[in-house]
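What follows is one structure encoded as structure tokens, with my remarks underneath.
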Amino acid sequence: MRTEDVLAAIATGLWRWENASGTVTLNGEAARLLGMPEEPVTLTESATRARFHPIDWNEIDGIVNLALAEDTLAEARLRVVDESGRVLRTVRVRAKPMVTSPAEGERDHEAERDHEAERDYELVGTVQAVIEPRPGTTVERTSLTGDWRRSREAFLLDAGRALAEARSTTEVLRVAASLSMPGFSPDGLAVYGVSGERLTIVGHHGHAPEDSAPFEGMTVDTDYPAAEVVRTGRAIYLPTPEAYADRYPATWRYVERFGRRSWAFLPLVVAGRTLGTWMAAFKHRVAFSPDERSVLTTVARMLAQALARAGVAETERELSLGLQRTMMPTLGPEIPGMTVAARYVPTGGGLQVGGDWYDMIPLPGGTAHSEGRWGGRFALVIGDVQGHDVRAAGLMGQLRIALRAYASEGHRPDAVLSRASRFLAGLQHYPGRDGGNLPGGGPRTDAGAAVMDEWYSVAGPRFATCLYLEVDPENGTLDIARAGHPDPVIRTADGTAFIRQTEGGLPLGIEADSDYPTTRLVLGPGETLMLCTDGLIETGGHDLATGWTRLRPVLEQDSGESLEKLADALIQAVHGPTSHYTTGPLVDRREDDIALLLLSRDLAPARPGGGIPRRTALTVAQAEPERIAGVRRQLRELLHDWRDEEQIDSAELMVSEMITNVLVHTDGDALLVAEARGELGDRRLRVEVADTSDELPHRRRPGELASSGRGLVLMEVLADAWGVDPRGEGKSIWFELYECGGAEPEAPS
């Protein structure tokens with residue numbers, strides 16, 4: 001009796017599918033099962049497709065590709081339909097895929113897997129009718145249909161979403177351990193990596209830590225499923241303990257004690273390269289049908305991609321942290337009489353380091369004490385290189401080193417910034433950029449020049465803002481030079497905070513030869529200086545004005561107990577949970593890095609007179625009369641909580657008159673010092689304007705149409721007290737206002 005007759009007796013037909021020619025050949029029994037006359041027939045792929053339910057046919061490609069990749073049988077359960085779409089019966093199809101066009105030349109395993117999908121193949125197998133179970137009976141499930149198929153699709157969608165959101169290897173492994181596969185969830189998982197010629201255990205679930213000892217450090221040629229998967233790139237399914245023991249007797253003794261019944265070892269492949277092996281172990285028996293293998297293979301692919309993404313992210317994060325540790329120095333030694341605090345928050349572009357930086361530089365002439373303290377002048381620097389990429393970080397590192405070198409040579413603040421601007425401009429102006437020869441006289445046609453030209457056309461030159469100040473801790477003197485950077489903020493000893501306007505120049509790198517005027521301030525006892533980059537002000541959709549409005553209460557409400565707590569509070573105001581409720585009028589973009597420096601001068605013992613003094617001092621040069629408006633704003637900020645608004649207006653008017661007189665009637669600059677002293681509601685404001693002229697002012701009687709001569713008259717009318725004090729070189733004119741309304745506060749006895 002022929003084999004074909006035997007198969008026909010048990011309702012089993014034979015078929016052959018050649019994908020190169022696109023034909024399917026059926027014997028008589030196979031044709032009958034597909035709803036056609038019982039005689040041999042050759043059909044096209046489209047004619048064959050019309051005999052099956054569309055949903056079932058769509059799964060054929062995946063099943064065949066899986067069988068080709070794993071060199072196993074392709075098995076599927078398909079519904080046969082007639083011309084009207086009515087289901088006639090269900091058949092089980094089994095076939096062995098065979099490649100008919102071998103790859104050209106010799107290829108390694110990875111290259112072969114990449115080309116298998118492109119090869120011609122044929123399927124030779126059987127078609128058998130499936131007897132539908134009677135109601136109430138249970139049959140073995142060998143394929144995913146109906147609700148099971150929908151459950152599988154939902155599971156894969158959830159798994160893909162969860163793995164895509166995992167950002168670290170630990171998170172990926174945690175997601176993998178929590179996956180509940182439809183109907184056959186593993187209770188033991190392990191991920192193996194490859195380091196050289198050895199296996200490494202990346203992570204595991206369902207095992208005690210000591211259980212991994214026998215498998216750690218195995219060579220890839222060990223008789224172990226995970227090692228074989230790494231060598232061959234093909235999945236291994238072991239449905240029974242007997243199958244495991246027969247195939248891998250050398251390692252079975254290590255596995256037997258776990259009490260598992262089935263195992264699947266799948267390759268973790270990314271871009272054609274096997275990164276490792278994923279093991280799924282089951283306490284119950286699993287047949288590993290084609291549908292189950294398909295689910296496992298899909299999860300393994302998603303797991304491999306998630307691990308690869310996490311590995312790249314962790315490498316970049318480690319690189320960024322290394323750059324940050326290298327480029328963000330710790331603050332220097334302790335300064336007697338002063339406290340310094342700093343913060344750096346990298347938030348831009350996903351990198352952990354960007355173009356913002358700060359530095360503290362001991363200056364020549366100081367003394368380093370053995371107990372880690374510094375005696376003498378020092379410099380503070382804060383800056384921001386344009387951009388948030390690696391190039392910005394590289395330029396920042398070079399610029400920081402250059403600034404430290406110039407400062408260590410003893411240059412004044414204006415000279416330090418001028419040299420730094422020239423350095424940054426030259427750093428981005430490579431030889432040959434403007435048509436000249438490259439170093440060594442080579443022409444611009446050299447490949448190196450072409451590459452740099454292309455890079456420059458995309459990246460362009462960068463500039464940097466910077467604020468550099470020298471500090472004398474003995475008397476609190478600050479000499480500030482500013483290159484396009486936000487002005488510093490002063491918080492007085494009584495908690496009042498205001499922006500201290502200073503002279504400034506262009507950002508570094510815009511012009512090679514730039515001037516940076518210096519502004520001298522005095523940081524009084526108990527006062528705090530804040531320097532920051534624009535990220536602290538503008539993060540959250542703010543401009544400079546609204547950003548300052550958000551930060552000012554944080555500064556003024558601080559208790560002053562700890563500069564470190566104040567630094568944390570400022571960062572929390574911008575990036576903490578409550579920052580989302582204080583967004584500004586612009587688009588809320590949290591992509592800018594933040595650098596913050598705080599400098600505080602220790603509070604001196606209380607002096608007679610009561611209260612903590614509030615003081616400011618500034619200079620108005622002859623060539624800068626426009627700064628008078630800034631002086632008025634500064635004075636109003638100093639008196640922001642003064643009880644009588646009319647007295648504030650009077651003080652502004654008198655200050656304007658005093659400084660204007662100096663600029664008009666003398667050849668020197670005007671030095672203003674304003675101090676408010678006393679308890680709230682009972683304070684005294686004293687304002688002095690000094691100049692270098694020996695000529696004393698005198699009262700005049702201006703006519704109705706006169707445009708000058710009323711200065712002393714105004715002071716006599718508006719001030720509670722005023723006077724002129726000659727000095728060794730020049731004079732000082734002053735006035736006082738008493739917050740209580742005209743009576744000078746009594747000094748305590």
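Naming scheme: A, B, ... for chains in displayed order of the structure tokens; residues 1 onward per chain; ligands 1 onward as shown.
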
* **Contacts of range 329-344 of chain A within 6 Å, only C-alpha atoms, excl. fewer than 5 positions in-chain, as a list in words** =>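 Everything that qualifies: Met360, Gly372, Arg373, Trp374, Glu564, Ile594, Ala595, Leu596, Leu597, Leu598, Leu599, Ser600, Arg601 and Asp602 of chain A.
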
* To do: Enumerate the residues of range 146-366 of chain A with a DSSP assignment of strand (DSSP E or B), computed from the backbone, and present them as an MDAnalysis selection string.
  => chainID A and resid 188:195 198:205 219 236:238 262:270 273:282 334:335 338:345 356:362

* **12 Å contact set for Thr549 in chain A, only C-alpha atoms, chain neighbours under 6 positions out, as a ChimeraX atom specification** => /A:497-499,537-538,542-543,555-556,573,582-584

What would the file look like if the residues just selected were written as a PDB file, in the first residue's frame with N, CA and C atoms?
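And here is the file that came out, again25.pdb:
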```
ATOM      1  N   ALA A 497      16.041  91.744  48.783  1.00  0.00           N
ATOM      2  CA  ALA A 497      16.796  91.278  47.618  1.00  0.00           C
ATOM      3  C   ALA A 497      16.523  92.195  46.437  1.00  0.00           C
ATOM      4  N   PHE A 498      17.567  92.545  45.706  1.00  0.00           N
ATOM      5  CA  PHE A 498      17.403  93.391  44.528  1.00  0.00           C
ATOM      6  C   PHE A 498      18.518  93.092  43.532  1.00  0.00           C
ATOM      7  N   ILE A 499      18.224  93.353  42.252  1.00  0.00           N
ATOM      8  CA  ILE A 499      19.224  93.168  41.197  1.00  0.00           C
ATOM      9  C   ILE A 499      20.194  94.337  41.240  1.00  0.00           C
ATOM     10  N   ILE A 537      16.628  81.636  35.785  1.00  0.00           N
ATOM     11  CA  ILE A 537      15.637  82.706  35.683  1.00  0.00           C
ATOM     12  C   ILE A 537      14.527  82.344  34.702  1.00  0.00           C
ATOM     13  N   GLU A 538      14.896  81.778  33.544  1.00  0.00           N
ATOM     14  CA  GLU A 538      13.944  81.642  32.445  1.00  0.00           C
ATOM     15  C   GLU A 538      13.273  80.281  32.366  1.00  0.00           C
ATOM     16  N   HIS A 542       9.594  81.676  31.573  1.00  0.00           N
ATOM     17  CA  HIS A 542       9.716  83.033  32.110  1.00  0.00           C
ATOM     18  C   HIS A 542      10.681  83.867  31.281  1.00  0.00           C
ATOM     19  N   ASP A 543      10.482  85.178  31.304  1.00  0.00           N
ATOM     20  CA  ASP A 543      11.495  86.093  30.820  1.00  0.00           C
ATOM     21  C   ASP A 543      12.282  86.605  32.025  1.00  0.00           C
ATOM     22  N   LEU A 555      14.437  84.251  47.971  1.00  0.00           N
ATOM     23  CA  LEU A 555      15.589  84.883  48.618  1.00  0.00           C
ATOM     24  C   LEU A 555      15.177  85.630  49.884  1.00  0.00           C
ATOM     25  N   GLU A 556      14.077  86.369  49.816  1.00  0.00           N
ATOM     26  CA  GLU A 556      13.704  87.229  50.934  1.00  0.00           C
ATOM     27  C   GLU A 556      13.073  86.449  52.086  1.00  0.00           C
ATOM     28  N   ALA A 573      12.553  75.912  43.516  1.00  0.00           N
ATOM     29  CA  ALA A 573      11.579  76.866  42.988  1.00  0.00           C
ATOM     30  C   ALA A 573      11.467  76.777  41.478  1.00  0.00           C
ATOM     31  N   THR A 582       4.026  77.796  38.801  1.00  0.00           N
ATOM     32  CA  THR A 582       4.555  79.161  38.700  1.00  0.00           C
ATOM     33  C   THR A 582       5.171  79.388  37.334  1.00  0.00           C
ATOM     34  N   THR A 583       4.552  78.823  36.297  1.00  0.00           N
ATOM     35  CA  THR A 583       5.080  79.001  34.950  1.00  0.00           C
ATOM     36  C   THR A 583       4.850  80.436  34.486  1.00  0.00           C
ATOM     37  N   GLY A 584       5.682  80.866  33.550  1.00  0.00           N
ATOM     38  CA  GLY A 584       5.630  82.231  33.069  1.00  0.00           C
ATOM     39  C   GLY A 584       4.773  82.397  31.835  1.00  0.00           C
TER      40      GLY A 584
END
```

* Mind the document's chain letters and residue numbers, and return as a VMD selection string the residues of range 563-678 of chain A that DSSP labels alpha helix (DSSP H). => chain A and resid 563 to 575 627 to 638 645 to 665

* To do: For range 669-676 of chain A, work out the shell of residues within 6 Å, counting only C-alpha atoms and skipping chain neighbours fewer than 6 positions away, then give it as number ranges by chain.
  => A: 613-622, 684-691

* Separation of CA of Asp61 in chain A from CA of Ile10 in chain A, in Å and rounded to one decimal -> 27.8 Å

* Name all residues at most 12 Å from Ser289 in chain A (count only C-alpha atoms; drop same-chain ones fewer than 2 positions away) and give them as a ChimeraX atom specification. => /A:63,66-67,72-77,94,140-144,184,237-239,264,285-287,291-296

Do a neighbour search on range 19-26 of chain A at 10 Å with only C-alpha atoms, toss out local chain neighbours closer than 3 positions, and write the hits as a compact mmCIF listing (two decimals) with C-alpha atoms, in the first residue's frame.
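And here is the file that came out, part.txt:
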```
# COMPACT_ATOMS: atom_id res chain seq x y z
CA GLY A 13 -3.36 15.11 2.43
CA LEU A 14 0.01 16.15 1.02
CA TRP A 15 0.99 19.56 -0.36
CA ARG A 16 4.01 21.46 -1.69
CA GLU A 29 -7.03 14.30 -0.34
CA ALA A 30 -5.54 17.75 0.27
CA ALA A 31 -7.73 19.18 -2.47
CA ARG A 32 -10.82 17.59 -0.90
CA LEU A 34 -9.73 22.50 0.90
CA GLU A 38 -10.75 15.04 -4.88
CA GLU A 39 -8.03 15.07 -7.53
CA PRO A 40 -4.46 16.41 -7.72
CA VAL A 41 -4.30 20.11 -8.59
CA THR A 42 -1.77 22.94 -8.85
CA LEU A 43 -2.95 26.39 -7.71
CA THR A 44 -1.47 29.85 -7.62
CA GLU A 45 -0.81 31.53 -4.25
CA SER A 46 -3.79 33.84 -4.73
CA ALA A 47 -6.11 30.92 -5.52
CA THR A 48 -4.86 29.07 -2.46
CA THR A 100 16.26 26.04 -2.43
CA SER A 101 18.73 28.90 -3.26
CA ARG A 119 16.18 33.14 -0.31
CA ASP A 120 13.80 30.93 -2.26
CA TYR A 121 12.29 28.07 -0.31
CA GLU A 122 9.67 25.39 -0.54
CA LEU A 123 7.33 23.89 2.01
CA VAL A 124 6.50 20.17 1.92
CA THR A 126 0.61 17.55 5.36
CA VAL A 127 -2.95 18.83 5.67
```

Could you give me, as a Markdown table, a per-residue list for range 209-254 of chain A showing, wherever an atom lies at most 7 Å from an atom of range 189-204 of chain A, the closest pair of atoms and their distance in Å to one decimal, using only C-alpha atoms and sorting by chain then residue number from low to high?
```
| residue | atom | partner | partner_atom | distance |
| --- | --- | --- | --- | --- |
| A:Glu216 | CA | A:Thr200 | CA | 5.8 |
| A:Gly217 | CA | A:Leu199 | CA | 5.3 |
| A:Met218 | CA | A:Leu199 | CA | 5.3 |
| A:Thr219 | CA | A:Arg198 | CA | 4.1 |
| A:Val220 | CA | A:Arg198 | CA | 5.5 |
```

Can you write out the residues you just picked, keeping N, CA, C and O atoms, as a tab-separated table (two decimals), in the first residue's frame?
```tsv
chain	number	residue	atom	x	y	z
A	216	GLU	N	27.86	31.54	36.00
A	216	GLU	CA	28.60	32.79	35.82
A	216	GLU	C	29.98	32.48	35.25
A	216	GLU	O	30.72	31.65	35.77
A	217	GLY	N	30.32	33.17	34.17
A	217	GLY	CA	31.66	33.03	33.60
A	217	GLY	C	31.85	31.83	32.70
A	217	GLY	O	32.99	31.49	32.35
A	218	MET	N	30.78	31.16	32.30
A	218	MET	CA	30.91	30.04	31.36
A	218	MET	C	31.46	30.54	30.02
A	218	MET	O	31.13	31.63	29.56
A	219	THR	N	32.29	29.73	29.39
A	219	THR	CA	32.77	30.08	28.05
A	219	THR	C	31.67	29.79	27.04
A	219	THR	O	30.77	28.97	27.29
A	220	VAL	N	31.73	30.44	25.89
A	220	VAL	CA	30.67	30.29	24.90
A	220	VAL	C	30.69	28.92	24.23
A	220	VAL	O	29.73	28.56	23.52
```

* Structure fact -> One residue among A:Arg247, A:Arg377, A:His284, A:Arg2 is nearest to Arg260 in chain A when using only C-alpha atoms, and that residue is A:His284

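Distances here use only C-alpha atoms; by that measure, the residue among A:Asn58, A:Thr502, A:Thr528, A:Thr12 closest to Val91 in chain A is A:Thr12.
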
* Just how far from CA of Gln128 in chain A is CA of Asp82 in chain A, in Å to one decimal? -> 17.5 Å

* Please provide the set of residues having any atom within 7 Å of Gly354 in chain A, restricted to only C-alpha atoms, with same-chain residues fewer than 6 positions apart removed, written as an NGL selection string. => :A and (346 or 348 or 388-390 or 392-393 or 593)

* For CA of Pro525 in chain A and CA of Ala493 in chain A, the interatomic separation in Å (one decimal) ->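 Computed distance, CA of Pro525 in chain A to CA of Ala493 in chain A, equals 7.0 Å.
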
* **Nearest-residue call for Arg167 in chain A, choices A:Gln305, A:Ser180, A:Ser320, A:Gln501, using only C-alpha atoms** =>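 Checking each candidate against Arg167 in chain A, we get A:Gln305 as the closest.
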